[in-house]
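In what follows, a structure is listed as structure tokens, so that the remarks can point back to it.
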Amino acid sequence: MLSEPRSGRLAAWGNALLAGLVSPDDAVLAIVGEDAVHRVEGLPGESAPVGLTLALGRLRTLGVTGLRLALPTSGHPLGLSGPPAFNARALEAEEAVICYGAALGLVPEVYEAGPAGDVHVEVVWHCLPVREAPPADVPSLGEAERELAEALRDATAVVSRLDVAGSGPVAEAALDAYRARAERGREVLAPGYPPRAVRVLELAQRVELLVSLAAESGHGGAVSASEMAVRAEALRPVERTARRAQVAAYNSVVEEREKGVR
């Protein structure tokens, strides 16, 4: 719940680095997070996987001036622009980064090893060609904020009606985790992002939390298969709205830069 997508971290801190607002070391440290190591495979001009520092520098020399997030799911290619081969890989990972300024995209593949509590995580970013076209279904920051206000009301109504919020210690732990995350929300996005983007991302995460509680807390107050189906159907557009808003928040600095070029 509320786990920040790796592609979101790469887009946010990569944008800060490309704008000269953070050092390469600070950007890479933030992108890697709690993982052991990240490498980039398939980068033009490199015959073998390379580290993130070199990769981000190479992307800059290839003309990349910004990074966008994509969070596609089945039937909703959110943030993608093709071609089909890249879309398929991004859909499998349910996330990707699209370069602005060069027809390239990056999709993470995660490798885990070790026992619970001591898991070693390595990430390989596959660099692949993308189609230079507008990303699919990404709203503006203003549109996302307006849509989220309505989505939050809908999610709260569904969760309350089905008694999900009172469904036990799992729900309470999730709410505590959200509150802790909200208190340090400014750490989620990197330097250079406007306060409105932080606000939209925090609200999107809150909506995502409510959807996750409803999806993961068992039956809650729903006592029949038909009621479970109603809950899933009611929350599906809410979850989609939250994902669209997350993408809008992460992509906001690139969208503003693009408007300035027009």
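Identifiers for the structure tokens are assigned positionally: chains receive A, B, ... in sequence, residues are indexed from 1 per chain, and ligands are indexed from 1 in the order shown.
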
At a cut-off of 8 Å, using only C-alpha atoms, what residues contact segment 44-61 of chain A? Leave out same-chain residues fewer than 3 positions from it and give the result as a PyMOL selection string.
chain A and resi 14+18+24-25+28+38-41+64-65

Given the selection you just returned, output its residues as a file containing all heavy atoms, formatted as an mmCIF file, in the first residue's frame.
data_model
loop_
_atom_site.group_PDB
_atom_site.id
_atom_site.type_symbol
_atom_site.label_atom_id
_atom_site.label_comp_id
_atom_site.auth_asym_id
_atom_site.auth_seq_id
_atom_site.Cartn_x
_atom_site.Cartn_y
_atom_site.Cartn_z
ATOM 1 N N GLY A 14 15.207 12.010 -11.591
ATOM 2 C CA GLY A 14 15.867 12.217 -12.869
ATOM 3 C C GLY A 14 15.581 13.611 -13.408
ATOM 4 O O GLY A 14 16.474 14.288 -13.942
ATOM 5 N N LEU A 18 18.320 16.452 -14.213
ATOM 6 C CA LEU A 18 18.408 17.059 -15.538
ATOM 7 C C LEU A 18 18.257 18.579 -15.470
ATOM 8 O O LEU A 18 18.790 19.301 -16.318
ATOM 9 C CB LEU A 18 17.343 16.457 -16.456
ATOM 10 C CG LEU A 18 17.560 14.993 -16.857
ATOM 11 C CD1 LEU A 18 16.312 14.428 -17.517
ATOM 12 C CD2 LEU A 18 18.765 14.858 -17.782
ATOM 13 N N PRO A 24 24.310 14.190 -9.061
ATOM 14 C CA PRO A 24 24.102 12.811 -9.504
ATOM 15 C C PRO A 24 24.055 11.820 -8.346
ATOM 16 O O PRO A 24 23.225 10.913 -8.335
ATOM 17 C CB PRO A 24 25.304 12.559 -10.421
ATOM 18 C CG PRO A 24 25.672 13.904 -10.940
ATOM 19 C CD PRO A 24 25.411 14.837 -9.797
ATOM 20 N N ASP A 25 24.921 12.002 -7.363
ATOM 21 C CA ASP A 25 24.937 11.076 -6.226
ATOM 22 C C ASP A 25 23.627 11.128 -5.448
ATOM 23 O O ASP A 25 23.073 10.091 -5.064
ATOM 24 C CB ASP A 25 26.103 11.401 -5.287
ATOM 25 C CG ASP A 25 27.454 10.998 -5.868
ATOM 26 O OD1 ASP A 25 27.460 10.238 -6.864
ATOM 27 O OD2 ASP A 25 28.482 11.433 -5.335
ATOM 28 N N VAL A 28 20.752 9.476 -7.582
ATOM 29 C CA VAL A 28 20.843 8.015 -7.622
ATOM 30 C C VAL A 28 20.472 7.416 -6.273
ATOM 31 O O VAL A 28 19.771 6.396 -6.194
ATOM 32 C CB VAL A 28 22.250 7.568 -8.064
ATOM 33 C CG1 VAL A 28 22.432 6.069 -7.856
ATOM 34 C CG2 VAL A 28 22.471 7.941 -9.529
ATOM 35 N N HIS A 38 20.672 -0.545 -8.945
ATOM 36 C CA HIS A 38 19.925 -0.388 -10.190
ATOM 37 C C HIS A 38 20.915 -0.306 -11.349
ATOM 38 O O HIS A 38 21.948 0.367 -11.243
ATOM 39 C CB HIS A 38 19.089 0.895 -10.173
ATOM 40 C CG HIS A 38 17.866 0.832 -9.322
ATOM 41 N ND1 HIS A 38 16.713 1.517 -9.641
ATOM 42 C CD2 HIS A 38 17.605 0.165 -8.168
ATOM 43 C CE1 HIS A 38 15.797 1.287 -8.705
ATOM 44 N NE2 HIS A 38 16.327 0.476 -7.793
ATOM 45 N N ARG A 39 20.581 -0.983 -12.446
ATOM 46 C CA ARG A 39 21.388 -0.895 -13.660
ATOM 47 C C ARG A 39 20.468 -0.647 -14.839
ATOM 48 O O ARG A 39 19.268 -0.914 -14.781
ATOM 49 C CB ARG A 39 22.183 -2.192 -13.883
ATOM 50 C CG ARG A 39 23.214 -2.493 -12.794
ATOM 51 C CD ARG A 39 24.034 -3.724 -13.147
ATOM 52 N NE ARG A 39 25.053 -4.015 -12.127
ATOM 53 C CZ ARG A 39 24.838 -4.761 -11.068
ATOM 54 N NH1 ARG A 39 23.635 -5.323 -10.888
ATOM 55 N NH2 ARG A 39 25.794 -4.978 -10.183
ATOM 56 N N VAL A 40 21.046 -0.134 -15.923
ATOM 57 C CA VAL A 40 20.293 0.146 -17.148
ATOM 58 C C VAL A 40 20.871 -0.689 -18.278
ATOM 59 O O VAL A 40 22.073 -0.636 -18.551
ATOM 60 C CB VAL A 40 20.334 1.644 -17.497
ATOM 61 C CG1 VAL A 40 19.532 1.904 -18.781
ATOM 62 C CG2 VAL A 40 19.779 2.478 -16.344
ATOM 63 N N GLU A 41 20.006 -1.437 -18.946
ATOM 64 C CA GLU A 41 20.406 -2.335 -20.028
ATOM 65 C C GLU A 41 19.810 -1.850 -21.346
ATOM 66 O O GLU A 41 18.667 -1.394 -21.395
ATOM 67 C CB GLU A 41 19.899 -3.753 -19.719
ATOM 68 C CG GLU A 41 20.259 -4.786 -20.766
ATOM 69 C CD GLU A 41 19.721 -6.156 -20.389
ATOM 70 O OE1 GLU A 41 18.502 -6.377 -20.565
ATOM 71 O OE2 GLU A 41 20.504 -6.981 -19.903
ATOM 72 N N VAL A 64 17.856 13.919 -23.925
ATOM 73 C CA VAL A 64 16.757 13.829 -22.970
ATOM 74 C C VAL A 64 16.796 15.035 -22.033
ATOM 75 O O VAL A 64 17.815 15.329 -21.412
ATOM 76 C CB VAL A 64 16.847 12.523 -22.147
ATOM 77 C CG1 VAL A 64 15.777 12.495 -21.066
ATOM 78 C CG2 VAL A 64 16.702 11.322 -23.066
ATOM 79 N N THR A 65 15.667 15.739 -21.935
ATOM 80 C CA THR A 65 15.561 16.900 -21.051
ATOM 81 C C THR A 65 14.518 16.698 -19.955
ATOM 82 O O THR A 65 14.367 17.553 -19.085
ATOM 83 C CB THR A 65 15.205 18.162 -21.854
ATOM 84 O OG1 THR A 65 13.971 17.952 -22.556
ATOM 85 C CG2 THR A 65 16.306 18.495 -22.849
#

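Within segment 81-144 of chain A, DSSP applied to the backbone places the following residues in helix (DSSP H, G or I): Pro84, Ala85, Phe86, Asn87, Ala88, Arg89, Ala90, Leu91, Glu92, Ala93, Leu141, Gly142, Glu143 and Ala144 of chain A.
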
Serialized selection, N, CA and C atoms, as a short mmCIF file (atom, residue, chain, number, x, y, z; two decimals), in the first residue's frame:
data_model
loop_
_atom_site.label_atom_id
_atom_site.label_comp_id
_atom_site.auth_asym_id
_atom_site.auth_seq_id
_atom_site.Cartn_x
_atom_site.Cartn_y
_atom_site.Cartn_z
N PRO A 84 3.84 -1.13 -29.82
CA PRO A 84 3.28 -2.26 -29.06
C PRO A 84 4.29 -3.04 -28.24
N ALA A 85 5.51 -3.21 -28.73
CA ALA A 85 6.51 -3.99 -28.00
C ALA A 85 6.84 -3.33 -26.67
N PHE A 86 7.01 -2.01 -26.70
CA PHE A 86 7.30 -1.31 -25.45
C PHE A 86 6.08 -1.32 -24.54
N ASN A 87 4.91 -1.08 -25.11
CA ASN A 87 3.69 -1.07 -24.30
C ASN A 87 3.48 -2.39 -23.59
N ALA A 88 3.76 -3.50 -24.30
CA ALA A 88 3.56 -4.83 -23.70
C ALA A 88 4.48 -5.02 -22.50
N ARG A 89 5.71 -4.59 -22.64
CA ARG A 89 6.67 -4.75 -21.53
C ARG A 89 6.28 -3.86 -20.37
N ALA A 90 5.86 -2.63 -20.67
CA ALA A 90 5.45 -1.71 -19.61
C ALA A 90 4.18 -2.21 -18.92
N LEU A 91 3.28 -2.78 -19.68
CA LEU A 91 2.04 -3.31 -19.11
C LEU A 91 2.34 -4.47 -18.16
N GLU A 92 3.30 -5.30 -18.53
CA GLU A 92 3.68 -6.41 -17.66
C GLU A 92 4.25 -5.91 -16.33
N ALA A 93 5.04 -4.85 -16.39
CA ALA A 93 5.62 -4.27 -15.17
C ALA A 93 4.65 -3.34 -14.46
N LEU A 141 -2.53 18.85 -14.29
CA LEU A 141 -2.52 18.85 -12.83
C LEU A 141 -3.84 19.40 -12.29
N GLY A 142 -4.36 20.45 -12.91
CA GLY A 142 -5.63 21.02 -12.48
C GLY A 142 -6.78 20.05 -12.65
N GLU A 143 -6.83 19.38 -13.80
CA GLU A 143 -7.88 18.39 -14.03
C GLU A 143 -7.80 17.26 -13.02
N ALA A 144 -6.58 16.81 -12.76
CA ALA A 144 -6.39 15.70 -11.82
C ALA A 144 -6.87 16.09 -10.43
#

Using only C-alpha atoms, can you tell me which of A:Arg206, A:Arg146, A:Arg68, A:Arg236 comes closest to Arg9 of chain A?
A:Arg68

From the list A:Ala12, A:His120, A:Arg244, A:Ser252, the nearest residue to Gln205 of chain A using only C-alpha atoms is A:Arg244

Which of these residues is nearest to Glu208 of chain A, using only C-alpha atoms: A:Leu17, A:Glu132, A:Glu4, A:Pro108?
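Using only C-alpha atoms, the shortest distance to Glu208 of chain A belongs to A:Glu4.
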
Show me, as an NGL selection string, the residues that have an atom within 8 Å of Val247 of chain A when counting only C-alpha atoms, minus same-chain residues fewer than 6 positions from it.
:A and (68-71 or 79 or 138)
